[in-house]
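What follows is a set of notes on a single structure, which appears directly below.
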Amino acid sequence: RTMSVPTTMKAVVVEQTGGPEVLQYKTSYPVPTPQEGQLLVRNNISGVNFIDTYFRTGLYSSPKPEVLGREGAGTVAAVGPNTSGFQVGDRVAWLANGGYAEYTAVPAAKTVKIPEGISDEDVMASFLSGMTVLSFVKETYPVQKGDWVLLHAAAGGAGFLMTQILKSIGAKVIGTAGGAEKCAIVKDLGADVVIDYRSEEGKDWVKLVKEATGGRGVDVVYDSVGKDTWEGSLEAVKRKGTIVWFGNASGPVPPIPLPKLSPKCVKIARPTLFGYIETREEFEYYTNELFTRLKSGELKVKIHKVYPLEQIAQVHTDLEGRKTMGKPLVKP
Ligand code: NDP
């Protein structure tokens, strides 16, 4: 099977780091040629993740010029030399680089066929975010039934999914979120305690967490907010508890003097999804775990909004401005 592929496409390119204004929308950017081990995917929809903003600002470094975007779903348009397992026309999702474009050349090793009955949109609302959540609750800290868990930004792209996964394990969830609307969403997902950490009362969320846990503190904190919450997270965790720091929505966690961990024998972790899905076996394990939950309806997704690709700067502004609930997507 063949598909006709144009030589140029719409894409968003970053030449130098900076604010959302460095995201340049181009209408005749060259379509990449798939190399050995790669597939050319015509993206139907791409995910926008907070990590994209880190590569845009330079908090995380990457070679520029760069087409940002770490995931996409669409159709295989061409297969690179010596590349097996996929055919032109296959409906796939991928995790790599370059999703803010109509076409992306991606490693076949990080591409998976989307099962019948699951939409591209549902996969993009949960692919990078969902696998992050699944690997962090299974491997970084194996969450047990009955554990008290504090989850920050519980209405976000990853948070919306994590709240559900934690409840399905039988954990007791304390979710924080900014504003009444976000808090209502977290409550609807079954969180046991919801704290609006931007409200007057919720500002003292450490005290509220202590109260909810009978003064003990939580077994584990999942903290992707970073700079603004790390100290509180350290206070809110129980003796012998664990803190999983996994993001920088408010800025990075500063270097912590290790003796700070001693009084309560606290364990800390700073994982990344990519470290859990390096091999094909690991990647397939988590894609299967995700697809099973999507197909059964056990995991619900929330799409904040599907933006046209030319509005990508607005998506970044909305994400960084804490205006999104669930996952923002872009349509190339
Ligand atoms: P979200 O949709 O969760 O957006 C970030 C949220 O963080 C905001 O909506 C906001 O929620 C909260 N927040 C708190 N303080 C700030 C601030 N100062 N500026 C902006 N937002 C703030 O994004 P994602 O789902 O894409 O990612 C969530 C987090 O998880 C990110 O930190 C990301 O880097 C991390 N992550 C890490 C991975 C890894 O492998 N380590 C993989 C995937 C995600 P509210 O208004 O409720 O406070």
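Going through the structure tokens in order, the chains are called A, B, and so on, while each chain numbers its residues from 1 and the ligands are numbered from 1 in the order shown.
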Open item on the list: Applying 9 Å and only C-alpha atoms, which residues near Lys227 of chain A remain after dropping the ones on its own chain fewer than 6 positions away? List them as a PyMOL selection string.
Closed with: chain A and resi 248-254
Hey, can you spit out that residue selection with N, CA and C atoms as a PDB file, in the first residue's frame?
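Result written to result.pdb:
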ATOM      1  N   ASN A 248       7.770  20.312  37.011  1.00  0.00           N
ATOM      2  CA  ASN A 248       8.192  21.679  37.361  1.00  0.00           C
ATOM      3  C   ASN A 248       7.159  22.709  36.947  1.00  0.00           C
ATOM      4  N   ALA A 249       5.882  22.422  37.145  1.00  0.00           N
ATOM      5  CA  ALA A 249       4.855  23.355  36.654  1.00  0.00           C
ATOM      6  C   ALA A 249       5.063  24.760  37.197  1.00  0.00           C
ATOM      7  N   SER A 250       5.544  24.890  38.448  1.00  0.00           N
ATOM      8  CA  SER A 250       5.789  26.223  39.018  1.00  0.00           C
ATOM      9  C   SER A 250       7.285  26.553  39.031  1.00  0.00           C
ATOM     10  N   GLY A 251       8.094  25.678  38.486  1.00  0.00           N
ATOM     11  CA  GLY A 251       9.552  25.818  38.530  1.00  0.00           C
ATOM     12  C   GLY A 251      10.129  24.585  39.207  1.00  0.00           C
ATOM     13  N   PRO A 252      11.431  24.355  39.010  1.00  0.00           N
ATOM     14  CA  PRO A 252      12.030  23.129  39.543  1.00  0.00           C
ATOM     15  C   PRO A 252      12.190  23.141  41.071  1.00  0.00           C
ATOM     16  N   VAL A 253      12.200  21.953  41.646  1.00  0.00           N
ATOM     17  CA  VAL A 253      12.530  21.779  43.062  1.00  0.00           C
ATOM     18  C   VAL A 253      14.023  22.112  43.199  1.00  0.00           C
ATOM     19  N   PRO A 254      14.393  22.976  44.139  1.00  0.00           N
ATOM     20  CA  PRO A 254      15.819  23.297  44.276  1.00  0.00           C
ATOM     21  C   PRO A 254      16.580  22.107  44.846  1.00  0.00           C
TER      22      PRO A 254
END
Please provide the set of residues having any atom within 12 Å of Lys207 of chain A, restricted to only C-alpha atoms, with same-chain residues fewer than 5 positions apart removed, written as a short mmCIF file (atom, residue, chain, number, x, y, z; two decimals) with N, CA and C atoms, in the first residue's frame.
data_model
loop_
_atom_site.label_atom_id
_atom_site.label_comp_id
_atom_site.auth_asym_id
_atom_site.auth_seq_id
_atom_site.Cartn_x
_atom_site.Cartn_y
_atom_site.Cartn_z
N ILE A 195 -8.61 19.80 47.91
CA ILE A 195 -8.18 21.08 48.48
C ILE A 195 -7.91 22.07 47.36
N TYR A 197 -5.89 24.68 46.64
CA TYR A 197 -4.68 25.24 47.26
C TYR A 197 -4.43 26.70 46.90
N GLU A 201 -8.49 29.28 52.54
CA GLU A 201 -8.44 28.14 53.46
C GLU A 201 -7.43 27.09 52.98
N GLY A 202 -7.41 26.90 51.67
CA GLY A 202 -6.58 25.85 51.10
C GLY A 202 -5.10 26.17 51.06
N ALA A 212 -6.71 15.43 57.72
CA ALA A 212 -7.40 14.33 57.02
C ALA A 212 -6.79 12.97 57.36
N THR A 213 -5.52 12.97 57.72
CA THR A 213 -4.83 11.69 57.96
C THR A 213 -4.60 11.46 59.47
N GLY A 214 -5.40 12.09 60.28
CA GLY A 214 -5.29 11.89 61.73
C GLY A 214 -3.93 12.32 62.28
N GLY A 215 -3.35 13.34 61.67
CA GLY A 215 -2.08 13.88 62.15
C GLY A 215 -0.85 13.16 61.63
N ARG A 216 -1.08 12.06 60.93
CA ARG A 216 0.02 11.19 60.54
C ARG A 216 0.76 11.65 59.29
N GLY A 217 0.03 12.20 58.33
CA GLY A 217 0.64 12.52 57.03
C GLY A 217 0.35 11.41 56.03
N VAL A 218 0.69 11.66 54.78
CA VAL A 218 0.35 10.69 53.73
C VAL A 218 1.49 9.68 53.48
N GLY A 232 6.07 22.02 51.36
CA GLY A 232 4.83 21.52 51.96
C GLY A 232 4.71 20.02 51.79
N SER A 233 5.13 19.52 50.65
CA SER A 233 5.05 18.08 50.41
C SER A 233 5.91 17.33 51.42
N GLU A 235 6.57 18.32 54.37
CA GLU A 235 5.89 18.38 55.67
C GLU A 235 4.69 17.44 55.73
N ALA A 236 4.02 17.28 54.59
CA ALA A 236 2.76 16.53 54.57
C ALA A 236 2.96 15.02 54.52
N VAL A 237 4.18 14.59 54.22
CA VAL A 237 4.42 13.15 54.10
C VAL A 237 4.63 12.55 55.49
#
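By chain and then residue number, the residues within 8 Å of Val41 of chain A are Ala73, Gly74, Thr75, Val76, Ala77, Ala78, Tyr103, Thr104, Ala105 and Val106 of chain A, counting only C-alpha atoms and disregarding those fewer than 6 positions away in sequence.
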- [ ] Choose the residue, out of A:Gly275, A:Gly226, A:Pro20, A:Gly156, that has the smallest atom-to-atom separation from ligand 1; count only C-alpha atoms and all ligand atoms.
- [x]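 The shortest atom-to-atom distance to ligand 1 comes from A:Gly156.
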Open item on the list: Quick check for you: according to DSSP on this backbone, which residues of segment 218-263 of chain A are classed as strand (DSSP E)? Reply as a PyMOL selection string.
Closed with: chain A and resi 218-223+237-245
- [ ] Quick one: everything within 9 Å of Trp148 of chain A, counting only C-alpha atoms, minus sequence neighbours fewer than 2 positions away in the same chain. Send it as a ChimeraX atom specification.
- [x] /A:145-146,150,171-174,213,217-221
Using C-alpha atoms, can you export the residues from the last selection as an mmCIF file, in the first residue's frame?
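Saved result, out.cif, follows:
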data_model
loop_
_atom_site.group_PDB
_atom_site.id
_atom_site.type_symbol
_atom_site.label_atom_id
_atom_site.label_comp_id
_atom_site.auth_asym_id
_atom_site.auth_seq_id
_atom_site.Cartn_x
_atom_site.Cartn_y
_atom_site.Cartn_z
ATOM 1 C CA LYS A 145 -5.011 -0.330 48.671
ATOM 2 C CA GLY A 146 -5.634 1.884 51.692
ATOM 3 C CA LEU A 150 -1.484 13.405 48.137
ATOM 4 C CA ALA A 171 -6.002 4.357 47.670
ATOM 5 C CA LYS A 172 -7.365 7.274 49.654
ATOM 6 C CA VAL A 173 -6.744 10.341 47.554
ATOM 7 C CA ILE A 174 -6.196 13.924 48.642
ATOM 8 C CA THR A 213 -4.831 11.691 57.963
ATOM 9 C CA GLY A 217 0.644 12.516 57.033
ATOM 10 C CA VAL A 218 0.348 10.687 53.729
ATOM 11 C CA ASP A 219 2.100 7.519 52.614
ATOM 12 C CA VAL A 220 3.125 9.112 49.331
ATOM 13 C CA VAL A 221 3.037 12.503 47.619
#
TODO: Excluding Asp318 of chain A and residues on its chain fewer than 5 positions from it, collect all residues at most 12 Å away from it, counting only C-alpha atoms, and give them as a ChimeraX atom specification.
DONE: /A:20,48-50,53,156,304-305,307,311-313,323-329
Open item on the list: Neighbouring residues of Ser262 of chain A were defined as those with any atom within 10 Å, considering only C-alpha atoms; residues of the same chain fewer than 5 positions away were excluded. Please report them as an MDAnalysis selection string.
Closed with: chainID A and resid 239:240 267
Open item on the list: Quick one: residues within 12 Å of segment 287-301 of chain A, only C-alpha atoms, excluding same-chain residues fewer than 5 positions away - as a PyMOL selection string?
Closed with: chain A and resi 92-95+110-135+138+155-169+185+188-189+276-277+280-282+325-328
Task: Residue among A:Pro63, A:Gly178, A:Pro107, A:Gly98 lying closest to ligand 1, counting only C-alpha atoms and all ligand atoms - done: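 Of A:Pro63, A:Gly178, A:Pro107, A:Gly98, the one nearest ligand 1 is A:Gly178, counting only C-alpha atoms and all ligand atoms.
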